[in-house]
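Data block for my_file34.tsv (TSV, C-alpha atoms):
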chain	number	residue	atom	x	y	z
A	1	MET	CA	109.35	96.19	86.16
A	2	SER	CA	109.26	93.09	88.24
A	3	ALA	CA	107.75	89.66	87.96
A	4	ARG	CA	105.29	88.64	90.65
A	5	GLY	CA	105.27	85.34	92.45
A	6	ALA	CA	102.62	82.75	93.14
A	7	VAL	CA	102.96	79.85	95.53
A	8	PHE	CA	101.36	76.42	95.20
A	9	ILE	CA	102.49	74.11	97.94
A	10	ALA	CA	101.39	71.43	100.37
A	11	THR	CA	102.00	71.52	104.11
A	12	SER	CA	101.20	69.36	107.07
A	13	LEU	CA	98.50	70.74	109.38
A	14	ASP	CA	101.32	72.04	111.56
A	15	GLY	CA	102.83	73.94	108.65
A	16	PHE	CA	105.77	71.84	107.55
A	17	ILE	CA	106.68	71.22	103.91
A	18	ALA	CA	109.21	68.48	104.66
A	19	ARG	CA	110.70	66.60	107.58
A	20	GLU	CA	113.84	68.01	109.16
A	21	ASP	CA	115.97	65.86	106.84
A	22	GLY	CA	114.00	66.98	103.80
A	23	ARG	CA	111.96	63.81	103.34
A	24	ILE	CA	108.39	64.12	102.01
A	25	ASP	CA	107.40	60.49	102.53
A	26	TRP	CA	104.29	61.64	104.45
A	27	LEU	CA	103.20	63.71	101.42
A	28	LEU	CA	103.81	60.91	98.94
A	29	GLN	CA	101.88	58.56	101.21
A	30	ALA	CA	98.99	61.03	101.49
A	31	ASN	CA	98.97	61.37	97.70
A	32	GLU	CA	98.23	57.66	97.42
A	33	ALA	CA	94.72	58.43	98.68
A	34	VAL	CA	94.16	60.88	95.82
A	35	PRO	CA	92.11	59.37	92.98
A	36	PRO	CA	93.79	59.09	89.57
A	37	GLY	CA	93.25	62.18	87.47
A	38	GLU	CA	92.79	64.49	90.49
A	39	ASP	CA	95.65	66.98	90.62
A	40	CYS	CA	94.13	69.44	93.12
A	41	GLY	CA	94.36	72.27	90.64
A	42	TYR	CA	98.04	71.88	89.84
A	43	ALA	CA	97.74	71.82	86.02
A	44	ALA	CA	95.39	74.80	86.08
A	45	PHE	CA	97.85	76.65	88.30
A	46	MET	CA	100.81	75.76	86.11
A	47	ALA	CA	98.94	77.12	83.08
A	48	THR	CA	98.95	80.56	84.76
A	49	VAL	CA	102.69	80.83	85.38
A	50	ASP	CA	105.44	81.84	82.97
A	51	ALA	CA	108.42	80.39	84.80
A	52	ILE	CA	109.40	78.54	87.96
A	53	VAL	CA	111.86	79.68	90.62
A	54	MET	CA	113.28	77.28	93.18
A	55	GLY	CA	116.30	76.99	95.42
A	56	ARG	CA	118.98	74.34	95.39
A	57	ALA	CA	117.31	72.01	97.91
A	58	THR	CA	114.06	71.80	95.95
A	59	PHE	CA	115.96	71.56	92.68
A	60	GLU	CA	117.87	68.54	93.94
A	61	GLN	CA	114.57	66.85	94.75
A	62	VAL	CA	113.39	67.54	91.20
A	63	LEU	CA	116.59	66.02	89.80
A	64	ALA	CA	115.72	62.79	91.61
A	65	PHE	CA	112.41	62.46	89.72
A	66	ALA	CA	112.31	59.84	86.97
A	67	ASP	CA	110.83	62.28	84.45
A	68	TRP	CA	111.25	65.99	83.93
A	69	PRO	CA	108.06	67.40	85.44
A	70	TYR	CA	107.95	70.92	83.99
A	71	GLY	CA	107.62	70.44	80.22
A	72	THR	CA	108.79	73.55	78.42
A	73	THR	CA	108.18	75.94	81.32
A	74	PRO	CA	111.41	77.80	82.13
A	75	LEU	CA	112.95	76.80	85.45
A	76	MET	CA	115.16	79.31	87.23
A	77	VAL	CA	117.37	77.69	89.85
A	78	TRP	CA	118.22	80.26	92.49
A	79	SER	CA	121.40	79.49	94.36
A	80	ARG	CA	124.44	81.37	95.52
A	81	ARG	CA	126.24	78.11	96.17
A	82	LEU	CA	125.78	76.22	92.91
A	83	GLN	CA	128.50	77.17	90.43
A	84	ALA	CA	127.05	75.33	87.45
A	85	LEU	CA	124.08	73.20	86.54
A	86	PRO	CA	124.51	69.46	86.04
A	87	ALA	CA	124.82	68.29	82.45
A	88	GLY	CA	121.91	66.82	80.53
A	89	LEU	CA	119.20	69.21	81.70
A	90	PRO	CA	116.57	70.64	79.37
A	91	PRO	CA	117.61	74.00	77.85
A	92	THR	CA	114.77	75.63	79.79
A	93	VAL	CA	116.80	75.44	83.03
A	94	SER	CA	118.98	78.38	84.06
A	95	LEU	CA	121.04	79.23	87.14
A	96	HIS	CA	120.78	82.53	88.99
A	97	ALA	CA	122.35	84.22	91.98
A	98	GLY	CA	121.50	87.71	93.19
A	99	SER	CA	118.63	88.87	95.35
A	100	ALA	CA	114.97	87.91	95.02
A	101	THR	CA	114.27	91.41	93.72
A	102	GLU	CA	117.00	91.09	91.07
A	103	LEU	CA	115.71	87.69	90.05
A	104	ALA	CA	112.16	88.99	89.70
A	105	ALA	CA	113.39	91.92	87.61
A	106	HIS	CA	115.45	89.58	85.41
A	107	ALA	CA	112.44	87.32	84.90
A	108	ALA	CA	110.27	90.26	83.87
A	109	GLN	CA	112.91	91.38	81.35
A	110	HIS	CA	112.64	87.96	79.76
A	111	GLY	CA	108.87	88.14	79.54
A	112	HIS	CA	108.12	86.04	82.59
A	113	GLY	CA	105.62	88.14	84.50
A	114	ARG	CA	104.24	85.47	86.80
A	115	LEU	CA	106.55	83.12	88.66
A	116	TYR	CA	105.79	79.87	90.44
A	117	VAL	CA	107.95	80.29	93.54
A	118	ASP	CA	108.71	76.94	95.14
A	119	GLY	CA	110.59	75.68	98.18
A	120	GLY	CA	110.50	76.94	101.76
A	121	ARG	CA	113.46	79.31	101.83
A	122	THR	CA	112.76	80.68	98.38
A	123	ILE	CA	109.14	81.37	99.29
A	124	GLN	CA	110.20	83.05	102.53
A	125	ALA	CA	112.72	85.25	100.68
A	126	PHE	CA	110.17	86.27	98.05
A	127	LEU	CA	107.55	86.96	100.72
A	128	ALA	CA	110.01	89.12	102.66
A	129	ALA	CA	110.74	91.05	99.44
A	130	HIS	CA	106.98	91.58	98.90
A	131	LEU	CA	107.11	89.63	95.63
A	132	ILE	CA	104.42	87.06	96.40
A	133	ASP	CA	100.88	87.86	95.33
A	134	GLU	CA	99.05	84.60	95.75
A	135	PRO	CA	99.83	81.69	98.01
A	136	THR	CA	97.80	78.54	97.47
A	137	ILE	CA	98.37	76.15	100.34
A	138	THR	CA	97.07	72.62	100.44
A	139	VAL	CA	96.87	71.28	103.98
A	140	ILE	CA	97.48	67.56	104.41
A	141	PRO	CA	95.71	66.00	107.44
A	142	ILE	CA	98.79	65.05	109.42
A	143	LEU	CA	100.83	66.55	112.26
A	144	LEU	CA	104.56	66.00	111.84
A	145	GLY	CA	105.60	67.64	115.10
A	146	ARG	CA	108.80	68.97	113.58
A	147	GLY	CA	110.22	69.68	110.15
A	148	ARG	CA	111.00	72.42	107.67
A	149	PRO	CA	108.37	75.15	108.03
A	150	LEU	CA	106.75	76.81	105.05
A	151	PHE	CA	106.81	80.16	106.77
A	152	GLY	CA	109.16	81.57	109.31
A	153	GLY	CA	111.27	84.39	110.54
A	154	MET	CA	109.62	87.11	108.52
A	155	GLY	CA	109.47	90.65	109.66
A	156	PRO	CA	106.21	92.44	110.43
A	157	ASP	CA	102.73	91.00	109.99
A	158	VAL	CA	101.66	90.05	106.48
A	159	HIS	CA	97.94	90.56	105.99
A	160	LEU	CA	96.20	88.29	103.52
A	161	THR	CA	92.85	88.21	101.78
A	162	HIS	CA	91.18	84.84	101.62
A	163	LEU	CA	90.17	84.04	98.04
A	164	SER	CA	88.83	80.50	98.11
A	165	THR	CA	88.84	77.17	99.90
A	166	GLN	CA	88.31	73.70	98.56
A	167	ALA	CA	88.16	70.49	100.58
A	168	TRP	CA	88.40	67.03	99.03
A	169	PRO	CA	86.97	63.74	100.32
A	170	PHE	CA	90.52	62.43	100.82
A	171	GLY	CA	91.08	65.11	103.45
A	172	PHE	CA	93.15	67.73	101.68
A	173	VAL	CA	92.05	71.34	102.21
A	174	GLN	CA	93.31	73.95	99.78
A	175	ASN	CA	93.25	77.63	100.64
A	176	ARG	CA	94.03	80.39	98.19
A	177	TYR	CA	95.00	83.81	99.49
A	178	ALA	CA	96.09	87.14	98.09
A	179	VAL	CA	98.79	89.08	99.87
A	180	ALA	CA	97.75	92.59	100.80
A	181	ALA	CA	100.17	95.33	99.83
A	182	PRO	CA	102.43	96.37	102.74
A	183	ALA	CA	100.99	99.25	104.70
B	184	MET	CA	87.83	55.69	132.25
B	185	SER	CA	89.13	58.89	130.81
B	186	ALA	CA	87.65	62.07	129.50
B	187	ARG	CA	88.43	62.97	125.88
B	188	GLY	CA	89.51	66.35	124.65
B	189	ALA	CA	88.30	68.65	121.93
B	190	VAL	CA	90.12	71.72	120.69
B	191	PHE	CA	88.55	74.91	119.35
B	192	ILE	CA	91.15	77.50	118.61
B	193	ALA	CA	92.25	80.19	116.17
B	194	THR	CA	95.69	80.42	114.61
B	195	SER	CA	97.46	82.65	112.15
B	196	LEU	CA	98.06	81.10	108.71
B	197	ASP	CA	101.55	80.29	109.92
B	198	GLY	CA	100.21	78.40	112.91
B	199	PHE	CA	100.65	80.76	115.84
B	200	ILE	CA	98.05	81.26	118.56
B	201	ALA	CA	99.74	84.32	120.07
B	202	ARG	CA	102.76	86.54	119.56
B	203	GLU	CA	105.96	85.61	121.38
B	204	ASP	CA	104.93	87.87	124.29
B	205	GLY	CA	101.45	86.31	124.40
B	206	ARG	CA	99.58	89.19	122.78
B	207	ILE	CA	96.58	88.37	120.57
B	208	ASP	CA	96.01	91.89	119.24
B	209	TRP	CA	96.06	90.50	115.66
B	210	LEU	CA	93.20	88.14	116.57
B	211	LEU	CA	91.14	90.82	118.29
B	212	GLN	CA	91.69	93.06	115.28
B	213	ALA	CA	90.64	90.29	112.88
B	214	ASN	CA	87.53	89.70	115.00
B	215	GLU	CA	86.45	93.27	114.30
B	216	ALA	CA	85.65	92.16	110.74
B	217	VAL	CA	83.28	89.48	112.03
B	218	PRO	CA	79.62	90.55	111.80
B	219	PRO	CA	77.69	90.82	115.07
B	220	GLY	CA	76.03	87.54	115.99
B	221	GLU	CA	78.54	85.39	114.09
B	222	ASP	CA	80.51	83.27	116.54
B	223	CYS	CA	82.06	80.82	114.05
B	224	GLY	CA	80.46	77.88	115.80
B	225	TYR	CA	81.76	78.66	119.28
B	226	ALA	CA	78.44	78.44	121.14
B	227	ALA	CA	77.55	75.20	119.37
B	228	PHE	CA	80.95	73.81	120.28
B	229	MET	CA	80.64	74.91	123.90
B	230	ALA	CA	77.30	73.15	124.12
B	231	THR	CA	79.09	69.84	123.43
B	232	VAL	CA	81.69	70.06	126.19
B	233	ASP	CA	81.32	69.24	129.87
B	234	ALA	CA	84.30	71.14	131.21
B	235	ILE	CA	87.23	73.31	130.15
B	236	VAL	CA	90.93	72.64	130.78
B	237	MET	CA	93.53	75.34	130.37
B	238	GLY	CA	97.00	76.13	131.62
B	239	ARG	CA	98.13	79.07	133.68
B	240	ALA	CA	99.02	81.35	130.76
B	241	THR	CA	95.60	81.04	129.15
B	242	PHE	CA	93.88	81.31	132.52
B	243	GLU	CA	95.63	84.60	133.20
B	244	GLN	CA	94.29	85.93	129.92
B	245	VAL	CA	90.79	84.89	130.95
B	246	LEU	CA	91.20	86.69	134.29
B	247	ALA	CA	91.82	89.89	132.35
B	248	PHE	CA	88.41	89.70	130.65
B	249	ALA	CA	85.78	92.10	131.94
B	250	ASP	CA	83.16	89.35	132.26
B	251	TRP	CA	83.41	85.68	133.16
B	252	PRO	CA	83.07	84.02	129.76
B	253	TYR	CA	82.23	80.43	130.68
B	254	GLY	CA	78.88	80.62	132.48
B	255	THR	CA	78.39	77.55	134.66
B	256	THR	CA	80.74	75.29	132.69
B	257	PRO	CA	83.41	73.90	135.03
B	258	LEU	CA	86.89	75.29	134.38
B	259	MET	CA	89.88	73.16	135.38
B	260	VAL	CA	93.06	75.22	135.65
B	261	TRP	CA	96.01	72.95	135.04
B	262	SER	CA	99.21	74.21	136.60
B	263	ARG	CA	102.08	72.79	138.60
B	264	ARG	CA	103.21	76.28	139.51
B	265	LEU	CA	100.04	77.88	140.81
B	266	GLN	CA	99.58	77.11	144.52
B	267	ALA	CA	96.11	78.56	144.86
B	268	LEU	CA	93.45	80.25	142.78
B	269	PRO	CA	92.84	83.97	143.17
B	270	ALA	CA	89.89	84.94	145.35
B	271	GLY	CA	86.53	85.89	143.92
B	272	LEU	CA	86.30	83.31	141.17
B	273	PRO	CA	83.12	81.42	140.40
B	274	PRO	CA	82.81	78.13	142.31
B	275	THR	CA	83.07	76.30	138.97
B	276	VAL	CA	86.84	76.94	138.83
B	277	SER	CA	89.23	74.35	140.25
B	278	LEU	CA	93.01	73.96	140.29
B	279	HIS	CA	94.80	70.78	139.25
B	280	ALA	CA	98.34	69.48	139.00
B	281	GLY	CA	99.30	65.98	137.85
B	282	SER	CA	99.64	64.62	134.35
B	283	ALA	CA	97.25	65.12	131.45
B	284	THR	CA	96.20	61.50	131.80
B	285	GLU	CA	95.48	61.96	135.52
B	286	LEU	CA	93.51	65.11	134.80
B	287	ALA	CA	91.44	63.38	132.13
B	288	ALA	CA	90.71	60.50	134.50
B	289	HIS	CA	89.76	62.91	137.29
B	290	ALA	CA	87.41	64.76	134.93
B	291	ALA	CA	85.70	61.53	133.90
B	292	GLN	CA	85.21	60.57	137.54
B	293	HIS	CA	83.34	63.83	138.01
B	294	GLY	CA	81.11	63.17	135.03
B	295	HIS	CA	82.98	65.37	132.57
B	296	GLY	CA	83.44	63.12	129.56
B	297	ARG	CA	84.27	65.75	126.97
B	298	LEU	CA	86.78	68.47	127.69
B	299	TYR	CA	87.46	71.71	125.87
B	300	VAL	CA	91.25	71.75	125.96
B	301	ASP	CA	92.60	75.26	125.49
B	302	GLY	CA	96.00	76.92	125.28
B	303	GLY	CA	99.07	75.89	123.30
B	304	ARG	CA	101.03	73.89	125.85
B	305	THR	CA	97.94	72.23	127.28
B	306	ILE	CA	96.79	71.19	123.82
B	307	GLN	CA	100.26	69.85	123.01
B	308	ALA	CA	100.38	67.86	126.25
B	309	PHE	CA	96.92	66.37	125.69
B	310	LEU	CA	97.78	65.54	122.08
B	311	ALA	CA	100.99	63.83	123.16
B	312	ALA	CA	98.96	61.79	125.67
B	313	HIS	CA	96.51	60.79	122.90
B	314	LEU	CA	93.66	62.52	124.69
B	315	ILE	CA	92.51	64.80	121.88
B	316	ASP	CA	89.78	63.51	119.58
B	317	GLU	CA	88.74	66.55	117.63
B	318	PRO	CA	90.70	69.67	116.84
B	319	THR	CA	88.74	72.53	115.26
B	320	ILE	CA	91.15	75.14	113.99
B	321	THR	CA	90.09	78.50	112.63
B	322	VAL	CA	92.75	80.02	110.41
B	323	ILE	CA	93.01	83.81	110.42
B	324	PRO	CA	94.35	85.34	107.19
B	325	ILE	CA	97.58	86.77	108.57
B	326	LEU	CA	101.22	85.71	108.77
B	327	LEU	CA	102.85	86.68	112.06
B	328	GLY	CA	106.31	85.37	111.22
B	329	ARG	CA	106.97	84.35	114.80
B	330	GLY	CA	104.98	83.60	117.90
B	331	ARG	CA	103.67	80.83	120.12
B	332	PRO	CA	102.87	77.83	117.93
B	333	LEU	CA	99.70	75.80	118.34
B	334	PHE	CA	101.57	72.59	117.66
B	335	GLY	CA	105.13	71.64	118.29
B	336	GLY	CA	107.65	69.16	119.51
B	337	MET	CA	105.37	66.15	119.47
B	338	GLY	CA	106.68	62.68	118.93
B	339	PRO	CA	105.73	60.57	115.91
B	340	ASP	CA	103.30	61.56	113.19
B	341	VAL	CA	99.68	62.17	114.19
B	342	HIS	CA	97.31	61.18	111.40
B	343	LEU	CA	94.04	63.06	111.18
B	344	THR	CA	90.76	62.61	109.38
B	345	HIS	CA	89.31	65.75	107.87
B	346	LEU	CA	85.70	66.21	108.98
B	347	SER	CA	84.60	69.55	107.59
B	348	THR	CA	85.69	72.96	106.39
B	349	GLN	CA	83.88	76.26	106.47
B	350	ALA	CA	85.08	79.54	105.02
B	351	TRP	CA	83.53	82.90	105.86
B	352	PRO	CA	83.40	86.07	103.76
B	353	PHE	CA	85.60	87.82	106.32
B	354	GLY	CA	88.41	85.41	105.50
B	355	PHE	CA	88.41	82.95	108.36
B	356	VAL	CA	88.66	79.28	107.40
B	357	GLN	CA	87.64	76.70	109.96
B	358	ASN	CA	88.77	73.09	109.67
B	359	ARG	CA	87.49	70.29	111.84
B	360	TYR	CA	89.51	67.11	112.14
B	361	ALA	CA	89.34	63.83	114.03
B	362	VAL	CA	92.54	62.36	115.41
B	363	ALA	CA	93.14	58.81	114.24
B	364	ALA	CA	94.00	56.31	116.96
B	365	PRO	CA	97.76	55.75	117.27
B	366	ALA	CA	98.96	52.83	115.15

The structure in this file should be written as structure tokens.
Amino acid sequence: MSARGAVFIATSLDGFIAREDGRIDWLLQANEAVPPGEDCGYAAFMATVDAIVMGRATFEQVLAFADWPYGTTPLMVWSRRLQALPAGLPPTVSLHAGSATELAAHAAQHGHGRLYVDGGRTIQAFLAAHLIDEPTITVIPILLGRGRPLFGGMGPDVHLTHLSTQAWPFGFVQNRYAVAAPA
Amino acid sequence: MSARGAVFIATSLDGFIAREDGRIDWLLQANEAVPPGEDCGYAAFMATVDAIVMGRATFEQVLAFADWPYGTTPLMVWSRRLQALPAGLPPTVSLHAGSATELAAHAAQHGHGRLYVDGGRTIQAFLAAHLIDEPTITVIPILLGRGRPLFGGMGPDVHLTHLSTQAWPFGFVQNRYAVAAPA
């Protein structure tokens, strides 16, 4: 048994999730145009997942937040490099090495059937392991020219089924897809 | 006076307009799911442009078509490498070197105020020269993993205004943007 992954992420129109140095200033700036109370479906998405998986780079961004953003939802930090978690974290945070497949199996054993897979490399690894069912991608109306791509370097074509699209007056366009099973 | 450029192009969800070797088999295959008579706004778009600009690579793809696809609309082939056009082309085809800015000025002098700018490198060059007003991008529900990107290597951020989005039952999502003037 294996958990399955969902993705909920924002990219620039040219497909980057962060600048080359990891900064997301452009995303924070774009978010300033979003009216208070509008979360572009984030809370509804979070209500569907059992746990979160992210790599070290994304985790370090989360650590810089003033408040813990994930409530009681378990957060699995996936890193071969981290030896231990920093002190003072909520007890819902755990550290994992191993492959994406092993991580998904471990999650399922602990009752986490649906994972929120976050961060570029983690998403790419889970996609390559055919563990992503549903990517939801919110496109921000900016071209960065260069940066850290959401997708990249995968193997053969991945066919998707378009599920829905929503556009907001502040220019964000959100597309939800299902990943077709590999042929 | 300068002509202004519009873009009307399809990309994979990961932002590629062709495979690394230039093949668009994935796009032709996706088009097979499009009902007869549905052109995703292409004819309406073509009716708004005065001339077409494309580079050598895209032009060579056009030459491989069985029928000339552009009717009487002038086609400006933009290439520093091509010395002459092949024989037997319609008289609407012309060859141009020079910069994007020079080409846009030349077009305007000939009464072509709005250009359909096609092909990855040509689009990137016109974007970098601030000559693109309106990109319309149709996203095909496939991840190619690698290929020729629509965007890339531009300088500073390009801010866009989202104009409209249309999604079709066969999974294509078309987004129309306006390019904001450089700050």

Give me the least-squares superposed chain A (reference chain B; all C-alpha atoms paired in order) as a short mmCIF file (atom, residue, chain, number, x, y, z; two decimals) with C-alpha atoms, in the frame of the given file.
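result.cif written:
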data_model
loop_
_atom_site.label_atom_id
_atom_site.label_comp_id
_atom_site.auth_asym_id
_atom_site.auth_seq_id
_atom_site.Cartn_x
_atom_site.Cartn_y
_atom_site.Cartn_z
CA MET A 1 87.82 55.69 132.24
CA SER A 2 89.12 58.88 130.81
CA ALA A 3 87.65 62.08 129.50
CA ARG A 4 88.41 62.97 125.90
CA GLY A 5 89.49 66.36 124.67
CA ALA A 6 88.30 68.65 121.93
CA VAL A 7 90.12 71.72 120.69
CA PHE A 8 88.56 74.90 119.33
CA ILE A 9 91.18 77.50 118.60
CA ALA A 10 92.26 80.18 116.16
CA THR A 11 95.71 80.41 114.59
CA SER A 12 97.46 82.64 112.14
CA LEU A 13 98.06 81.10 108.71
CA ASP A 14 101.56 80.29 109.91
CA GLY A 15 100.21 78.40 112.90
CA PHE A 16 100.66 80.76 115.82
CA ILE A 17 98.07 81.25 118.56
CA ALA A 18 99.75 84.31 120.06
CA ARG A 19 102.76 86.54 119.55
CA GLU A 20 105.95 85.62 121.36
CA ASP A 21 104.94 87.86 124.28
CA GLY A 22 101.48 86.32 124.41
CA ARG A 23 99.60 89.18 122.78
CA ILE A 24 96.58 88.37 120.58
CA ASP A 25 96.04 91.88 119.24
CA TRP A 26 96.06 90.49 115.67
CA LEU A 27 93.20 88.11 116.58
CA LEU A 28 91.15 90.80 118.29
CA GLN A 29 91.69 93.05 115.28
CA ALA A 30 90.63 90.27 112.89
CA ASN A 31 87.53 89.69 115.00
CA GLU A 32 86.44 93.26 114.31
CA ALA A 33 85.66 92.16 110.75
CA VAL A 34 83.28 89.48 112.04
CA PRO A 35 79.62 90.55 111.83
CA PRO A 36 77.68 90.81 115.10
CA GLY A 37 76.02 87.55 116.02
CA GLU A 38 78.54 85.40 114.10
CA ASP A 39 80.51 83.28 116.56
CA CYS A 40 82.05 80.82 114.06
CA GLY A 41 80.46 77.89 115.81
CA TYR A 42 81.76 78.66 119.28
CA ALA A 43 78.43 78.44 121.16
CA ALA A 44 77.55 75.21 119.37
CA PHE A 45 80.95 73.81 120.29
CA MET A 46 80.66 74.91 123.90
CA ALA A 47 77.29 73.14 124.13
CA THR A 48 79.09 69.84 123.42
CA VAL A 49 81.69 70.06 126.19
CA ASP A 50 81.32 69.24 129.87
CA ALA A 51 84.29 71.14 131.23
CA ILE A 52 87.23 73.30 130.16
CA VAL A 53 90.91 72.63 130.79
CA MET A 54 93.52 75.34 130.39
CA GLY A 55 97.00 76.14 131.62
CA ARG A 56 98.12 79.08 133.69
CA ALA A 57 99.02 81.35 130.75
CA THR A 58 95.59 81.04 129.14
CA PHE A 59 93.89 81.30 132.52
CA GLU A 60 95.62 84.60 133.21
CA GLN A 61 94.28 85.93 129.92
CA VAL A 62 90.78 84.88 130.96
CA LEU A 63 91.19 86.68 134.29
CA ALA A 64 91.83 89.89 132.36
CA PHE A 65 88.41 89.70 130.65
CA ALA A 66 85.76 92.11 131.93
CA ASP A 67 83.16 89.35 132.26
CA TRP A 68 83.40 85.69 133.14
CA PRO A 69 83.07 84.01 129.74
CA TYR A 70 82.23 80.42 130.69
CA GLY A 71 78.87 80.61 132.48
CA THR A 72 78.40 77.56 134.65
CA THR A 73 80.75 75.30 132.68
CA PRO A 74 83.41 73.90 135.02
CA LEU A 75 86.88 75.28 134.39
CA MET A 76 89.87 73.18 135.39
CA VAL A 77 93.05 75.21 135.65
CA TRP A 78 96.01 72.94 135.05
CA SER A 79 99.21 74.20 136.59
CA ARG A 80 102.06 72.77 138.58
CA ARG A 81 103.20 76.26 139.51
CA LEU A 82 100.02 77.87 140.82
CA GLN A 83 99.57 77.09 144.51
CA ALA A 84 96.09 78.55 144.86
CA LEU A 85 93.45 80.25 142.77
CA PRO A 86 92.83 83.97 143.16
CA ALA A 87 89.88 84.94 145.35
CA GLY A 88 86.52 85.93 143.91
CA LEU A 89 86.29 83.31 141.17
CA PRO A 90 83.10 81.43 140.38
CA PRO A 91 82.81 78.13 142.30
CA THR A 92 83.05 76.30 138.97
CA VAL A 93 86.83 76.94 138.84
CA SER A 94 89.22 74.35 140.26
CA LEU A 95 93.01 73.95 140.30
CA HIS A 96 94.79 70.77 139.26
CA ALA A 97 98.33 69.47 139.01
CA GLY A 98 99.28 65.99 137.85
CA SER A 99 99.64 64.64 134.35
CA ALA A 100 97.24 65.13 131.44
CA THR A 101 96.20 61.50 131.80
CA GLU A 102 95.46 61.97 135.52
CA LEU A 103 93.51 65.12 134.80
CA ALA A 104 91.43 63.38 132.14
CA ALA A 105 90.72 60.49 134.51
CA HIS A 106 89.75 62.92 137.29
CA ALA A 107 87.41 64.76 134.94
CA ALA A 108 85.72 61.53 133.90
CA GLN A 109 85.21 60.57 137.57
CA HIS A 110 83.34 63.83 138.01
CA GLY A 111 81.11 63.18 135.02
CA HIS A 112 82.97 65.37 132.57
CA GLY A 113 83.44 63.11 129.57
CA ARG A 114 84.27 65.74 126.97
CA LEU A 115 86.79 68.46 127.70
CA TYR A 116 87.46 71.71 125.87
CA VAL A 117 91.26 71.75 125.96
CA ASP A 118 92.60 75.26 125.49
CA GLY A 119 96.00 76.93 125.27
CA GLY A 120 99.06 75.90 123.28
CA ARG A 121 101.03 73.91 125.85
CA THR A 122 97.95 72.25 127.28
CA ILE A 123 96.80 71.19 123.81
CA GLN A 124 100.27 69.86 122.99
CA ALA A 125 100.38 67.86 126.25
CA PHE A 126 96.93 66.38 125.67
CA LEU A 127 97.79 65.55 122.06
CA ALA A 128 101.00 63.83 123.15
CA ALA A 129 98.96 61.80 125.67
CA HIS A 130 96.52 60.79 122.89
CA LEU A 131 93.65 62.53 124.70
CA ILE A 132 92.51 64.80 121.88
CA ASP A 133 89.78 63.52 119.59
CA GLU A 134 88.73 66.56 117.64
CA PRO A 135 90.68 69.68 116.84
CA THR A 136 88.75 72.52 115.26
CA ILE A 137 91.15 75.14 113.98
CA THR A 138 90.10 78.49 112.62
CA VAL A 139 92.76 80.02 110.40
CA ILE A 140 93.01 83.81 110.43
CA PRO A 141 94.36 85.34 107.18
CA ILE A 142 97.57 86.77 108.56
CA LEU A 143 101.22 85.71 108.77
CA LEU A 144 102.85 86.68 112.05
CA GLY A 145 106.31 85.38 111.20
CA ARG A 146 106.97 84.35 114.78
CA GLY A 147 104.99 83.60 117.92
CA ARG A 148 103.69 80.82 120.12
CA PRO A 149 102.88 77.82 117.91
CA LEU A 150 99.72 75.79 118.34
CA PHE A 151 101.58 72.59 117.64
CA GLY A 152 105.14 71.64 118.26
CA GLY A 153 107.65 69.17 119.50
CA MET A 154 105.40 66.15 119.44
CA GLY A 155 106.68 62.70 118.90
CA PRO A 156 105.75 60.59 115.89
CA ASP A 157 103.30 61.57 113.16
CA VAL A 158 99.70 62.16 114.17
CA HIS A 159 97.32 61.18 111.39
CA LEU A 160 94.05 63.06 111.18
CA THR A 161 90.76 62.63 109.37
CA HIS A 162 89.31 65.76 107.87
CA LEU A 163 85.70 66.20 108.97
CA SER A 164 84.60 69.55 107.60
CA THR A 165 85.69 72.97 106.40
CA GLN A 166 83.87 76.26 106.48
CA ALA A 167 85.08 79.55 105.03
CA TRP A 168 83.51 82.91 105.87
CA PRO A 169 83.41 86.08 103.76
CA PHE A 170 85.61 87.83 106.34
CA GLY A 171 88.41 85.41 105.51
CA PHE A 172 88.39 82.95 108.37
CA VAL A 173 88.66 79.27 107.40
CA GLN A 174 87.65 76.68 109.96
CA ASN A 175 88.77 73.09 109.67
CA ARG A 176 87.50 70.29 111.85
CA TYR A 177 89.52 67.10 112.15
CA ALA A 178 89.35 63.84 114.04
CA VAL A 179 92.54 62.35 115.41
CA ALA A 180 93.16 58.81 114.26
CA ALA A 181 94.01 56.32 116.97
CA PRO A 182 97.78 55.75 117.29
CA ALA A 183 98.96 52.85 115.19
#

For this session: Using only C-alpha atoms, find the residues of chain A whose closest atom to chain B is at most 12 Å away, then write them as a VMD selection string.
Result: chain A and resid 11 to 16 19 25 to 27 29 to 30 124 127 to 128 135 to 147 149 to 180

For this session: Tell me, in Å to one decimal, how far CA of Leu314 (chain B) is from CA of His279 (chain B).
Result: 16.8 Å

For this session: Anything within 12 Å of (95.2, 59.1, 134.5): list those residues as a list of chain:residue names, counting only C-alpha atoms and sticking to the file's coordinates.
Result: B:Met184, B:Ser185, B:Ala186, B:Arg187, B:Ala280, B:Gly281, B:Ser282, B:Ala283, B:Thr284, B:Glu285, B:Leu286, B:Ala287, B:Ala288, B:His289, B:Ala290, B:Ala291, B:Gln292, B:Phe309, B:Ala312, B:His313, B:Leu314

Given the selection you just returned, output its residues as a file containing C-alpha atoms, formatted as a short mmCIF file (atom, residue, chain, number, x, y, z; two decimals), keeping the file's coordinate frame.
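File written: part.cif
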data_model
loop_
_atom_site.label_atom_id
_atom_site.label_comp_id
_atom_site.auth_asym_id
_atom_site.auth_seq_id
_atom_site.Cartn_x
_atom_site.Cartn_y
_atom_site.Cartn_z
CA MET B 184 87.83 55.69 132.25
CA SER B 185 89.13 58.89 130.81
CA ALA B 186 87.65 62.07 129.50
CA ARG B 187 88.43 62.97 125.88
CA ALA B 280 98.34 69.48 139.00
CA GLY B 281 99.30 65.98 137.85
CA SER B 282 99.64 64.62 134.35
CA ALA B 283 97.25 65.12 131.45
CA THR B 284 96.20 61.50 131.80
CA GLU B 285 95.48 61.96 135.52
CA LEU B 286 93.51 65.11 134.80
CA ALA B 287 91.44 63.38 132.13
CA ALA B 288 90.71 60.50 134.50
CA HIS B 289 89.76 62.91 137.29
CA ALA B 290 87.41 64.76 134.93
CA ALA B 291 85.70 61.53 133.90
CA GLN B 292 85.21 60.57 137.54
CA PHE B 309 96.92 66.37 125.69
CA ALA B 312 98.96 61.79 125.67
CA HIS B 313 96.51 60.79 122.90
CA LEU B 314 93.66 62.52 124.69
#
